[in-house]
>>> print(open('target-v9.txt').read())   # compact mmCIF, C-alpha atoms
# COMPACT_ATOMS: atom_id res chain seq x y z
CA MET A 1 -4.68 29.57 -10.13
CA THR A 2 -6.94 26.54 -10.07
CA VAL A 3 -6.46 22.92 -11.01
CA THR A 4 -9.03 20.18 -11.58
CA ALA A 5 -8.88 16.60 -10.40
CA ARG A 6 -8.49 15.47 -14.00
CA GLN A 7 -5.51 17.79 -14.49
CA VAL A 8 -3.87 16.40 -11.35
CA VAL A 9 -4.25 12.87 -12.70
CA GLU A 10 -2.92 13.93 -16.10
CA ARG A 11 0.21 15.24 -14.39
CA ILE A 12 0.61 11.94 -12.56
CA GLY A 13 0.42 10.09 -15.86
CA ALA A 14 2.87 12.45 -17.54
CA HIS A 15 5.51 12.24 -14.80
CA VAL A 16 5.23 8.80 -13.19
CA GLY A 17 7.73 7.45 -15.69
CA VAL A 18 5.81 4.41 -16.96
CA PRO A 19 2.97 4.07 -19.46
CA TRP A 20 -0.54 3.66 -18.08
CA ARG A 21 -1.60 0.02 -18.30
CA GLU A 22 -4.13 -0.75 -21.03
CA ARG A 23 -6.26 -2.45 -18.37
CA THR A 24 -5.84 -0.78 -15.01
CA VAL A 25 -7.62 -0.04 -11.75
CA ASP A 26 -6.12 3.46 -11.81
CA GLU A 27 -9.28 5.47 -12.42
CA PHE A 28 -11.75 7.85 -10.81
CA LEU A 29 -13.93 6.02 -8.31
CA ALA A 30 -16.23 8.85 -7.20
CA GLY A 31 -16.99 12.51 -7.80
CA ASP A 32 -16.60 14.93 -10.71
CA PRO A 33 -13.12 14.74 -12.30
CA ASP A 34 -13.57 18.22 -13.74
CA ALA A 35 -14.29 19.82 -10.39
CA PRO A 36 -11.70 22.34 -9.18
CA VAL A 37 -9.53 21.01 -6.37
CA ARG A 38 -8.92 22.83 -3.08
CA GLY A 39 -6.44 20.28 -1.79
CA VAL A 40 -5.23 16.73 -2.31
CA ALA A 41 -5.28 13.98 0.31
CA VAL A 42 -2.97 11.06 -0.45
CA THR A 43 -3.67 7.88 1.48
CA MET A 44 -2.95 4.19 1.50
CA MET A 45 -6.61 3.28 2.09
CA ALA A 46 -9.61 5.60 1.83
CA THR A 47 -11.40 4.46 4.97
CA LEU A 48 -14.32 6.49 6.28
CA ASP A 49 -12.02 7.95 8.94
CA VAL A 50 -9.58 9.05 6.24
CA LEU A 51 -12.38 10.61 4.19
CA ARG A 52 -13.60 12.52 7.25
CA ALA A 53 -10.09 13.79 7.96
CA ALA A 54 -9.66 14.85 4.34
CA ALA A 55 -12.95 16.74 4.35
CA ASP A 56 -12.09 18.43 7.64
CA ARG A 57 -8.81 19.65 6.13
CA GLY A 58 -10.45 20.90 2.93
CA LEU A 59 -8.74 18.22 0.82
CA ASP A 60 -11.42 17.32 -1.69
CA LEU A 61 -9.37 15.14 -4.06
CA VAL A 62 -8.49 11.84 -2.41
CA VAL A 63 -5.76 9.81 -4.09
CA THR A 64 -5.96 6.33 -2.59
CA HIS A 65 -3.75 3.30 -3.15
CA GLU A 66 -6.50 0.82 -2.32
CA PRO A 67 -10.10 0.75 -3.56
CA LEU A 68 -12.83 2.91 -2.11
CA TYR A 69 -15.45 0.18 -1.78
CA PHE A 70 -13.66 -2.98 -0.70
CA ASP A 71 -13.14 -4.55 -4.15
CA HIS A 72 -9.89 -4.10 -6.09
CA HIS A 73 -11.68 -3.90 -9.43
CA GLY A 74 -14.83 -2.16 -8.18
CA ALA A 75 -16.92 -5.09 -9.38
CA SER A 76 -18.99 -5.25 -6.18
CA ASP A 77 -20.23 -1.65 -6.09
CA ALA A 78 -23.50 -2.44 -7.85
CA THR A 79 -24.12 -5.42 -5.57
CA PHE A 80 -23.56 -3.33 -2.44
CA ALA A 81 -25.96 -0.68 -3.73
CA ALA A 82 -28.62 -3.21 -4.76
CA GLU A 83 -28.47 -4.93 -1.37
CA GLY A 84 -28.68 -1.63 0.48
CA ASP A 85 -25.46 -2.45 2.31
CA LEU A 86 -25.36 -0.04 5.25
CA VAL A 87 -21.58 0.39 5.34
CA PHE A 88 -21.44 1.09 1.61
CA ALA A 89 -24.33 3.54 1.98
CA ALA A 90 -22.70 5.45 4.84
CA LYS A 91 -19.47 5.81 2.94
CA SER A 92 -20.95 6.70 -0.45
CA GLU A 93 -23.31 9.23 1.13
CA PHE A 94 -20.40 10.92 2.91
CA VAL A 95 -18.43 11.16 -0.34
CA ALA A 96 -21.39 12.70 -2.16
CA GLU A 97 -22.36 15.09 0.65
CA HIS A 98 -18.84 16.50 0.89
CA GLY A 99 -18.19 16.68 -2.84
CA LEU A 100 -15.14 14.45 -2.67
CA VAL A 101 -13.41 13.18 -5.78
CA VAL A 102 -11.61 9.86 -5.33
CA PHE A 103 -8.90 8.52 -7.60
CA HIS A 104 -7.34 5.05 -7.36
CA LEU A 105 -3.55 5.19 -7.79
CA HIS A 106 -2.28 1.64 -7.59
CA ASP A 107 -0.84 0.13 -10.75
CA ALA A 108 1.25 3.04 -12.01
CA TRP A 109 2.81 3.64 -8.59
CA HIS A 110 3.84 -0.01 -8.38
CA ASP A 111 4.98 -0.06 -12.02
CA ARG A 112 7.27 2.92 -11.43
CA ARG A 113 10.96 1.93 -11.34
CA PRO A 114 11.92 1.65 -8.66
CA ASP A 115 8.48 0.70 -7.32
CA GLY A 116 7.08 3.77 -5.58
CA VAL A 117 5.66 1.82 -2.65
CA LEU A 118 8.84 -0.19 -2.11
CA THR A 119 10.92 3.00 -2.22
CA GLY A 120 8.87 4.63 0.52
CA VAL A 121 8.92 1.51 2.68
CA ALA A 122 12.69 1.09 2.30
CA ARG A 123 13.20 4.76 3.15
CA ALA A 124 11.18 4.40 6.37
CA LEU A 125 13.08 1.24 7.31
CA GLY A 126 16.44 2.88 6.68
CA TRP A 127 17.24 0.36 3.96
CA LEU A 128 17.53 2.61 0.90
CA GLY A 129 20.82 1.82 -0.79
CA ALA A 130 20.92 -1.70 0.63
CA GLU A 131 18.85 -3.22 -2.18
CA ARG A 132 20.59 -5.58 -4.57
CA PRO A 133 21.18 -4.17 -8.05
CA GLY A 134 18.53 -5.59 -10.35
CA ASP A 135 16.79 -7.24 -7.40
CA ASP A 136 14.97 -4.31 -5.82
CA ASP A 137 12.94 -6.28 -3.29
CA VAL A 138 15.97 -7.98 -1.67
CA TYR A 139 18.11 -6.10 0.86
CA ASP A 140 21.53 -7.04 2.23
CA LEU A 141 21.68 -5.72 5.79
CA PRO A 142 24.03 -5.88 8.78
CA PRO A 143 23.55 -9.19 10.64
CA THR A 144 20.75 -9.21 13.21
CA THR A 145 18.16 -11.64 14.56
CA LEU A 146 14.67 -12.37 13.34
CA GLY A 147 13.16 -10.99 16.55
CA ALA A 148 15.16 -7.76 16.37
CA LEU A 149 14.30 -7.34 12.69
CA ALA A 150 10.60 -7.85 13.37
CA ALA A 151 10.68 -5.29 16.20
CA HIS A 152 12.44 -2.75 13.96
CA VAL A 153 9.90 -3.24 11.17
CA ALA A 154 7.00 -2.82 13.62
CA ARG A 155 8.43 0.44 15.01
CA ALA A 156 9.48 1.91 11.68
CA LEU A 157 6.19 1.16 9.90
CA GLY A 158 3.82 1.71 12.82
CA ALA A 159 2.52 -1.85 12.72
CA ARG A 160 0.70 -2.49 15.97
CA ALA A 161 -0.33 -6.08 15.16
CA LEU A 162 2.78 -7.45 13.43
CA ARG A 163 3.33 -11.22 13.64
CA TYR A 164 6.18 -13.43 12.56
CA VAL A 165 7.00 -17.09 11.95
CA GLY A 166 10.34 -18.43 13.16
CA ASP A 167 12.82 -18.46 16.02
CA PRO A 168 13.37 -14.91 17.32
CA ASP A 169 17.06 -15.71 17.83
CA ALA A 170 17.61 -16.94 14.27
CA PRO A 171 20.34 -14.92 12.50
CA VAL A 172 19.26 -12.93 9.46
CA SER A 173 20.97 -10.50 7.12
CA THR A 174 19.27 -10.85 3.73
CA VAL A 175 15.66 -9.73 3.67
CA GLY A 176 13.03 -9.95 0.93
CA VAL A 177 10.24 -7.39 1.06
CA GLN A 178 6.79 -7.74 -0.54
CA PRO A 179 4.43 -5.03 0.76
CA GLY A 180 0.68 -5.42 0.51
CA PHE A 181 -0.87 -8.66 -0.73
CA GLN A 182 1.20 -10.17 -3.52
CA GLY A 183 -0.15 -13.71 -3.37
CA PHE A 184 1.23 -17.13 -2.50
CA GLU A 185 3.25 -17.75 -5.65
CA ARG A 186 5.29 -14.57 -5.27
CA ASN A 187 5.64 -15.10 -1.52
CA ARG A 188 6.70 -18.72 -2.08
CA HIS A 189 9.34 -17.96 -4.66
CA LEU A 190 10.97 -15.41 -2.38
CA LEU A 191 10.76 -17.64 0.70
CA ALA A 192 12.30 -20.54 -1.24
CA ARG A 193 15.35 -18.62 -2.37
CA PRO A 194 18.50 -19.92 -0.67
CA ASP A 195 20.02 -16.42 -0.71
CA VAL A 196 17.11 -14.87 1.27
CA ASP A 197 16.95 -15.39 5.04
CA VAL A 198 13.56 -13.87 5.85
CA VAL A 199 10.65 -12.37 3.94
CA VAL A 200 8.61 -9.36 5.07
CA ILE A 201 5.08 -9.19 3.63
CA GLY A 202 1.94 -7.15 4.18
CA GLU A 203 -0.49 -10.04 4.38
CA GLY A 204 -1.00 -13.53 3.00
CA HIS A 205 -3.31 -16.51 3.25
CA GLU A 206 -2.36 -18.49 6.33
CA TRP A 207 -3.04 -21.89 4.73
CA GLU A 208 -0.71 -20.96 1.88
CA THR A 209 2.08 -18.50 2.75
CA GLY A 210 1.80 -19.07 6.50
CA GLU A 211 1.94 -22.86 6.27
CA TYR A 212 4.73 -22.76 3.68
CA ALA A 213 6.80 -20.44 5.88
CA ALA A 214 6.33 -22.70 8.92
CA ASP A 215 7.44 -25.72 6.91
CA ALA A 216 10.39 -23.84 5.42
CA VAL A 217 11.54 -22.96 8.93
CA ALA A 218 11.07 -26.55 10.12
CA ALA A 219 13.09 -27.81 7.16
CA GLY A 220 15.90 -25.38 7.94
CA LEU A 221 15.46 -23.60 4.61
CA SER A 222 14.35 -20.19 5.89
CA ALA A 223 14.68 -18.16 9.06
CA GLY A 224 11.08 -17.04 8.81
CA LEU A 225 8.34 -14.72 7.69
CA VAL A 226 7.31 -11.30 9.04
CA VAL A 227 3.65 -10.32 8.48
CA VAL A 228 3.31 -6.56 8.92
CA GLY A 229 -0.36 -6.00 8.07
CA HIS A 230 -1.56 -4.56 4.77
CA VAL A 231 -2.01 -0.93 5.77
CA PRO A 232 1.31 -0.39 7.59
CA SER A 233 3.19 -2.38 4.95
CA GLU A 234 2.32 0.15 2.22
CA GLN A 235 1.58 3.37 4.11
CA GLU A 236 5.09 4.75 3.69
CA GLY A 237 4.82 4.07 -0.02
CA MET A 238 1.97 6.56 -0.19
CA ALA A 239 3.90 9.01 1.97
CA GLU A 240 6.45 8.80 -0.85
CA ALA A 241 3.66 9.48 -3.35
CA ALA A 242 2.49 12.52 -1.38
CA ARG A 243 5.99 14.02 -1.37
CA TRP A 244 6.33 13.39 -5.09
CA LEU A 245 2.88 14.70 -5.98
CA ALA A 246 3.37 17.91 -3.99
CA GLY A 247 6.01 18.94 -6.51
CA LEU A 248 3.61 18.38 -9.41
CA VAL A 249 0.66 20.31 -7.95
CA PRO A 250 1.95 23.59 -6.53
CA GLU A 251 -1.46 25.27 -6.83
CA VAL A 252 -3.00 23.48 -3.83
CA PRO A 253 -1.84 21.71 -0.66
CA VAL A 254 -0.99 18.03 -0.95
CA GLU A 255 -1.01 16.10 2.32
CA LEU A 256 -0.64 12.52 3.43
CA VAL A 257 -3.72 11.44 5.37
CA PRO A 258 -2.59 8.19 6.98
CA ALA A 259 -4.92 5.26 7.38
CA ALA A 260 -4.77 3.73 10.83
CA ASP A 261 -3.66 0.13 11.21
CA PRO A 262 -7.12 -1.30 11.97
CA PHE A 263 -5.89 -4.34 13.90
CA ARG A 264 -4.96 -4.52 17.56
CA THR A 265 -3.51 -7.32 19.65
CA VAL A 266 -4.91 -8.38 23.02
CA ALA A 267 -1.69 -7.43 24.75
CA GLY A 268 -1.58 -4.09 22.95
CA GLY A 269 -5.13 -3.13 23.88
>>> encode(input="target-v9.txt", output="structure tokens")
Amino acid sequence: MTVTARQVVERIGAHVGVPWRERTVDEFLAGDPDAPVRGVAVTMMATLDVLRAAADRGLDLVVTHEPLYFDHHGASDATFAAEGDLVFAAKSEFVAEHGLVVFHLHDAWHDRRPDGVLTGVARALGWLGAERPGDDDVYDLPPTTLGALAAHVARALGARALRYVGDPDAPVSTVGVQPGFQGFERNRHLLARPDVDVVVIGEGHEWETGEYAADAVAAGLSAGLVVVGHVPSEQEGMAEAARWLAGLVPEVPVELVPAADPFRTVAGG
């Protein structure tokens, strides 16, 4: 039995549980959608290292949560090509030479209820079942400290460059979680809530979310902010997608190909 990349995507659309957005980034980014698939690589970010690992494993359909060429909407692809950008060229040539098909799965996985990324992250953190009914990104947890919470998040999500704002000894028990980059307004509204002690995000602008968090701590309105890093903040969400997709595509192997957290700290080497 064979299955094409297009048929895999059709199954995603039929079973994800939400309608495809009228305007969406969820589309094929490279390759022939009607090509037969030998295997599926699911990843948070289709870096060149991830593409190499997928090709080595014979996984020629890459389902990525983030864009292939550094622009959420793909609007810069033509500019990169026209400028002869060397990084773009190396990556696009590898995709073509190895016959890879790349599909962007972002909007539908977030639109799923509960959010597919948030579900995977909560599972990895051991917080499934602790979310507030009707408030899926807020978790009521046993009392701990900001420092202990940050250390747990770093270990559980494999974040090797996690940072946080606030006193490590500050007590916390109610945590808001916003993986990835959700923007200042969403970060701010969660940080400003009196019923939320600390907010865990993937990344944010330091002159916006970072400054606001520092001032919220100084004003005694928040215990702090934990900044995980974009890749580790959503990686477990795509592990969740890989487990789910494996049940929809029994004809071929479906594997998570993790993207490495690209950032290191000086102390961490």
>>> atom_distance(input="target-v9.txt", atom1="atom CA of Asp56 of chain A", atom2="atom CA of Asp26 of chain A")
25.3 Å
>>> atom_distance(input="target-v9.txt", atom1="atom CA of Val266 of chain A", atom2="atom CA of Arg163 of chain A")
12.8 Å
>>> closest_residue(input="target-v9.txt", among="A:Ala30, A:Val196, A:Val117, A:Ala96", to="Thr174 of chain A", atoms="only C-alpha atoms")
A:Val196
>>> residues_around(input="target-v9.txt", residues="Thr265 of chain A", least_positions_apart="2", cutoff="12 Å", atoms="all atoms listed in the file", output="number ranges by chain")
A: 159-163, 261-263, 267-269
>>> residues_around(input="target-v9.txt", residues="Val257 of chain A", least_positions_apart="3", cutoff="6 Å", atoms="only C-alpha atoms", output="number ranges by chain")
A: 41-43
>>> residues_around(input="target-v9.txt", residues="Pro133 of chain A", least_positions_apart="6", cutoff="12 Å", atoms="all atoms listed in the file", output="ChimeraX atom specification")
/A:114,139-140
>>> closest_residue(input="target-v9.txt", among="A:Leu245, A:Leu51, A:Gly147, A:Val62", to="Ala14 of chain A", atoms="only C-alpha atoms")
A:Leu245
>>> closest_residue(input="target-v9.txt", among="A:Asp85, A:Glu208, A:Glu236, A:Asp107", to="Trp20 of chain A", atoms="all atoms listed in the file")
A:Asp107
>>> closest_residue(input="target-v9.txt", among="A:Val226, A:Thr24, A:Ala216, A:Gly183", to="Val199 of chain A", atoms="only C-alpha atoms")
A:Val226
>>> closest_residue(input="target-v9.txt", among="A:Asp135, A:Glu27, A:Glu211, A:Asp167", to="His72 of chain A", atoms="all atoms listed in the file")
A:Glu27
>>> atom_distance(input="target-v9.txt", atom1="atom CA of Val217 of chain A", atom2="atom CA of Ala130 of chain A")
24.7 Å
>>> closest_residue(input="target-v9.txt", among="A:Leu125, A:Gly116, A:Ala89, A:Gly229", to="Phe181 of chain A", atoms="only C-alpha atoms")
A:Gly229
>>> residues_around(input="target-v9.txt", residues="Ala53 of chain A", least_positions_apart="2", cutoff="12 Å", atoms="only C-alpha atoms", output="PyMOL selection string")
chain A and resi 40-43+46-51+55-60+62+94+98+100+255-260
>>> residues_around(input="target-v9.txt", residues="Met45 of chain A", least_positions_apart="3", cutoff="7 Å", atoms="all atoms listed in the file", output="list in words")
Thr64, His65, Glu66 and Ala259 of chain A
>>> closest_atom_pairs(input="target-v9.txt", of="segment 100-218 of chain A", to="segment 3-9 of chain A", cutoff="12 Å", atoms="all atoms listed in the file", output="Markdown table")
| residue | atom | partner | partner_atom | distance |
| --- | --- | --- | --- | --- |
| A:Leu100 | CA | A:Ala5 | CA | 10.2 |
| A:Val101 | CA | A:Ala5 | CA | 7.3 |
| A:Val102 | CA | A:Ala5 | CA | 8.9 |
| A:Phe103 | CA | A:Val9 | CA | 8.2 |
| A:His104 | CA | A:Val9 | CA | 10.0 |
| A:Leu105 | CA | A:Val9 | CA | 9.1 |
| A:Ala108 | CA | A:Val9 | CA | 11.3 |
>>> build_atoms(input="target-v9.txt", residues="segment 87-110 of chain A", atoms="N, CA, C and O atoms", output="PDB file, in the coordinates of the input")
ATOM      1  N   VAL A  87     -22.922  -0.176   5.296  1.00  0.00           N
ATOM      2  CA  VAL A  87     -21.580   0.390   5.340  1.00  0.00           C
ATOM      3  C   VAL A  87     -21.279   1.106   4.030  1.00  0.00           C
ATOM      4  O   VAL A  87     -20.768   2.242   4.020  1.00  0.00           O
ATOM      5  N   PHE A  88     -21.603   0.465   2.923  1.00  0.00           N
ATOM      6  CA  PHE A  88     -21.440   1.090   1.610  1.00  0.00           C
ATOM      7  C   PHE A  88     -22.239   2.390   1.529  1.00  0.00           C
ATOM      8  O   PHE A  88     -21.755   3.415   1.046  1.00  0.00           O
ATOM      9  N   ALA A  89     -23.478   2.354   2.032  1.00  0.00           N
ATOM     10  CA  ALA A  89     -24.330   3.540   1.980  1.00  0.00           C
ATOM     11  C   ALA A  89     -23.751   4.683   2.797  1.00  0.00           C
ATOM     12  O   ALA A  89     -23.724   5.830   2.345  1.00  0.00           O
ATOM     13  N   ALA A  90     -23.270   4.392   3.995  1.00  0.00           N
ATOM     14  CA  ALA A  90     -22.700   5.450   4.840  1.00  0.00           C
ATOM     15  C   ALA A  90     -21.510   6.105   4.169  1.00  0.00           C
ATOM     16  O   ALA A  90     -21.354   7.334   4.193  1.00  0.00           O
ATOM     17  N   LYS A  91     -20.681   5.293   3.560  1.00  0.00           N
ATOM     18  CA  LYS A  91     -19.470   5.810   2.940  1.00  0.00           C
ATOM     19  C   LYS A  91     -19.785   6.588   1.666  1.00  0.00           C
ATOM     20  O   LYS A  91     -19.290   7.701   1.458  1.00  0.00           O
ATOM     21  N   SER A  92     -20.633   6.032   0.813  1.00  0.00           N
ATOM     22  CA  SER A  92     -20.950   6.700  -0.450  1.00  0.00           C
ATOM     23  C   SER A  92     -21.720   7.998  -0.200  1.00  0.00           C
ATOM     24  O   SER A  92     -21.522   8.997  -0.921  1.00  0.00           O
ATOM     25  N   GLU A  93     -22.574   8.009   0.806  1.00  0.00           N
ATOM     26  CA  GLU A  93     -23.310   9.230   1.130  1.00  0.00           C
ATOM     27  C   GLU A  93     -22.359  10.310   1.637  1.00  0.00           C
ATOM     28  O   GLU A  93     -22.511  11.496   1.302  1.00  0.00           O
ATOM     29  N   PHE A  94     -21.367   9.930   2.428  1.00  0.00           N
ATOM     30  CA  PHE A  94     -20.400  10.920   2.910  1.00  0.00           C
ATOM     31  C   PHE A  94     -19.615  11.512   1.747  1.00  0.00           C
ATOM     32  O   PHE A  94     -19.414  12.735   1.682  1.00  0.00           O
ATOM     33  N   VAL A  95     -19.175  10.673   0.831  1.00  0.00           N
ATOM     34  CA  VAL A  95     -18.430  11.160  -0.340  1.00  0.00           C
ATOM     35  C   VAL A  95     -19.267  12.158  -1.128  1.00  0.00           C
ATOM     36  O   VAL A  95     -18.791  13.241  -1.504  1.00  0.00           O
ATOM     37  N   ALA A  96     -20.521  11.814  -1.375  1.00  0.00           N
ATOM     38  CA  ALA A  96     -21.390  12.700  -2.160  1.00  0.00           C
ATOM     39  C   ALA A  96     -21.696  13.998  -1.410  1.00  0.00           C
ATOM     40  O   ALA A  96     -21.635  15.091  -1.998  1.00  0.00           O
ATOM     41  N   GLU A  97     -21.991  13.901  -0.126  1.00  0.00           N
ATOM     42  CA  GLU A  97     -22.360  15.090   0.650  1.00  0.00           C
ATOM     43  C   GLU A  97     -21.213  16.095   0.742  1.00  0.00           C
ATOM     44  O   GLU A  97     -21.443  17.306   0.803  1.00  0.00           O
ATOM     45  N   HIS A  98     -19.986  15.613   0.730  1.00  0.00           N
ATOM     46  CA  HIS A  98     -18.840  16.500   0.890  1.00  0.00           C
ATOM     47  C   HIS A  98     -18.135  16.795  -0.430  1.00  0.00           C
ATOM     48  O   HIS A  98     -17.086  17.434  -0.431  1.00  0.00           O
ATOM     49  N   GLY A  99     -18.728  16.355  -1.526  1.00  0.00           N
ATOM     50  CA  GLY A  99     -18.190  16.680  -2.840  1.00  0.00           C
ATOM     51  C   GLY A  99     -16.790  16.163  -3.073  1.00  0.00           C
ATOM     52  O   GLY A  99     -15.981  16.812  -3.758  1.00  0.00           O
ATOM     53  N   LEU A 100     -16.481  15.004  -2.524  1.00  0.00           N
ATOM     54  CA  LEU A 100     -15.140  14.450  -2.670  1.00  0.00           C
ATOM     55  C   LEU A 100     -14.980  13.778  -4.035  1.00  0.00           C
ATOM     56  O   LEU A 100     -15.912  13.156  -4.557  1.00  0.00           O
ATOM     57  N   VAL A 101     -13.794  13.897  -4.574  1.00  0.00           N
ATOM     58  CA  VAL A 101     -13.410  13.180  -5.780  1.00  0.00           C
ATOM     59  C   VAL A 101     -12.349  12.174  -5.359  1.00  0.00           C
ATOM     60  O   VAL A 101     -11.391  12.526  -4.672  1.00  0.00           O
ATOM     61  N   VAL A 102     -12.532  10.917  -5.762  1.00  0.00           N
ATOM     62  CA  VAL A 102     -11.610   9.860  -5.330  1.00  0.00           C
ATOM     63  C   VAL A 102     -10.974   9.222  -6.541  1.00  0.00           C
ATOM     64  O   VAL A 102     -11.674   8.794  -7.470  1.00  0.00           O
ATOM     65  N   PHE A 103      -9.640   9.151  -6.516  1.00  0.00           N
ATOM     66  CA  PHE A 103      -8.900   8.520  -7.600  1.00  0.00           C
ATOM     67  C   PHE A 103      -8.065   7.375  -7.056  1.00  0.00           C
ATOM     68  O   PHE A 103      -7.421   7.496  -6.005  1.00  0.00           O
ATOM     69  N   HIS A 104      -8.067   6.262  -7.760  1.00  0.00           N
ATOM     70  CA  HIS A 104      -7.340   5.050  -7.360  1.00  0.00           C
ATOM     71  C   HIS A 104      -5.968   5.055  -8.033  1.00  0.00           C
ATOM     72  O   HIS A 104      -5.868   4.919  -9.256  1.00  0.00           O
ATOM     73  N   LEU A 105      -4.921   5.218  -7.257  1.00  0.00           N
ATOM     74  CA  LEU A 105      -3.550   5.190  -7.790  1.00  0.00           C
ATOM     75  C   LEU A 105      -2.852   3.946  -7.247  1.00  0.00           C
ATOM     76  O   LEU A 105      -2.312   3.943  -6.139  1.00  0.00           O
ATOM     77  N   HIS A 106      -2.865   2.908  -8.021  1.00  0.00           N
ATOM     78  CA  HIS A 106      -2.280   1.640  -7.590  1.00  0.00           C
ATOM     79  C   HIS A 106      -1.247   1.128  -8.587  1.00  0.00           C
ATOM     80  O   HIS A 106      -0.065   1.023  -8.288  1.00  0.00           O
ATOM     81  N   ASP A 107      -1.702   0.807  -9.789  1.00  0.00           N
ATOM     82  CA  ASP A 107      -0.840   0.130 -10.750  1.00  0.00           C
ATOM     83  C   ASP A 107       0.372   0.960 -11.154  1.00  0.00           C
ATOM     84  O   ASP A 107       1.508   0.478 -11.145  1.00  0.00           O
ATOM     85  N   ALA A 108       0.141   2.207 -11.518  1.00  0.00           N
ATOM     86  CA  ALA A 108       1.250   3.040 -12.010  1.00  0.00           C
ATOM     87  C   ALA A 108       2.293   3.276 -10.920  1.00  0.00           C
ATOM     88  O   ALA A 108       3.491   3.338 -11.211  1.00  0.00           O
ATOM     89  N   TRP A 109       1.849   3.385  -9.666  1.00  0.00           N
ATOM     90  CA  TRP A 109       2.810   3.640  -8.590  1.00  0.00           C
ATOM     91  C   TRP A 109       3.655   2.404  -8.318  1.00  0.00           C
ATOM     92  O   TRP A 109       4.831   2.510  -7.978  1.00  0.00           O
ATOM     93  N   HIS A 110       3.063   1.223  -8.489  1.00  0.00           N
ATOM     94  CA  HIS A 110       3.840  -0.010  -8.380  1.00  0.00           C
ATOM     95  C   HIS A 110       4.721  -0.234  -9.615  1.00  0.00           C
ATOM     96  O   HIS A 110       5.825  -0.769  -9.497  1.00  0.00           O
TER      97      HIS A 110
END
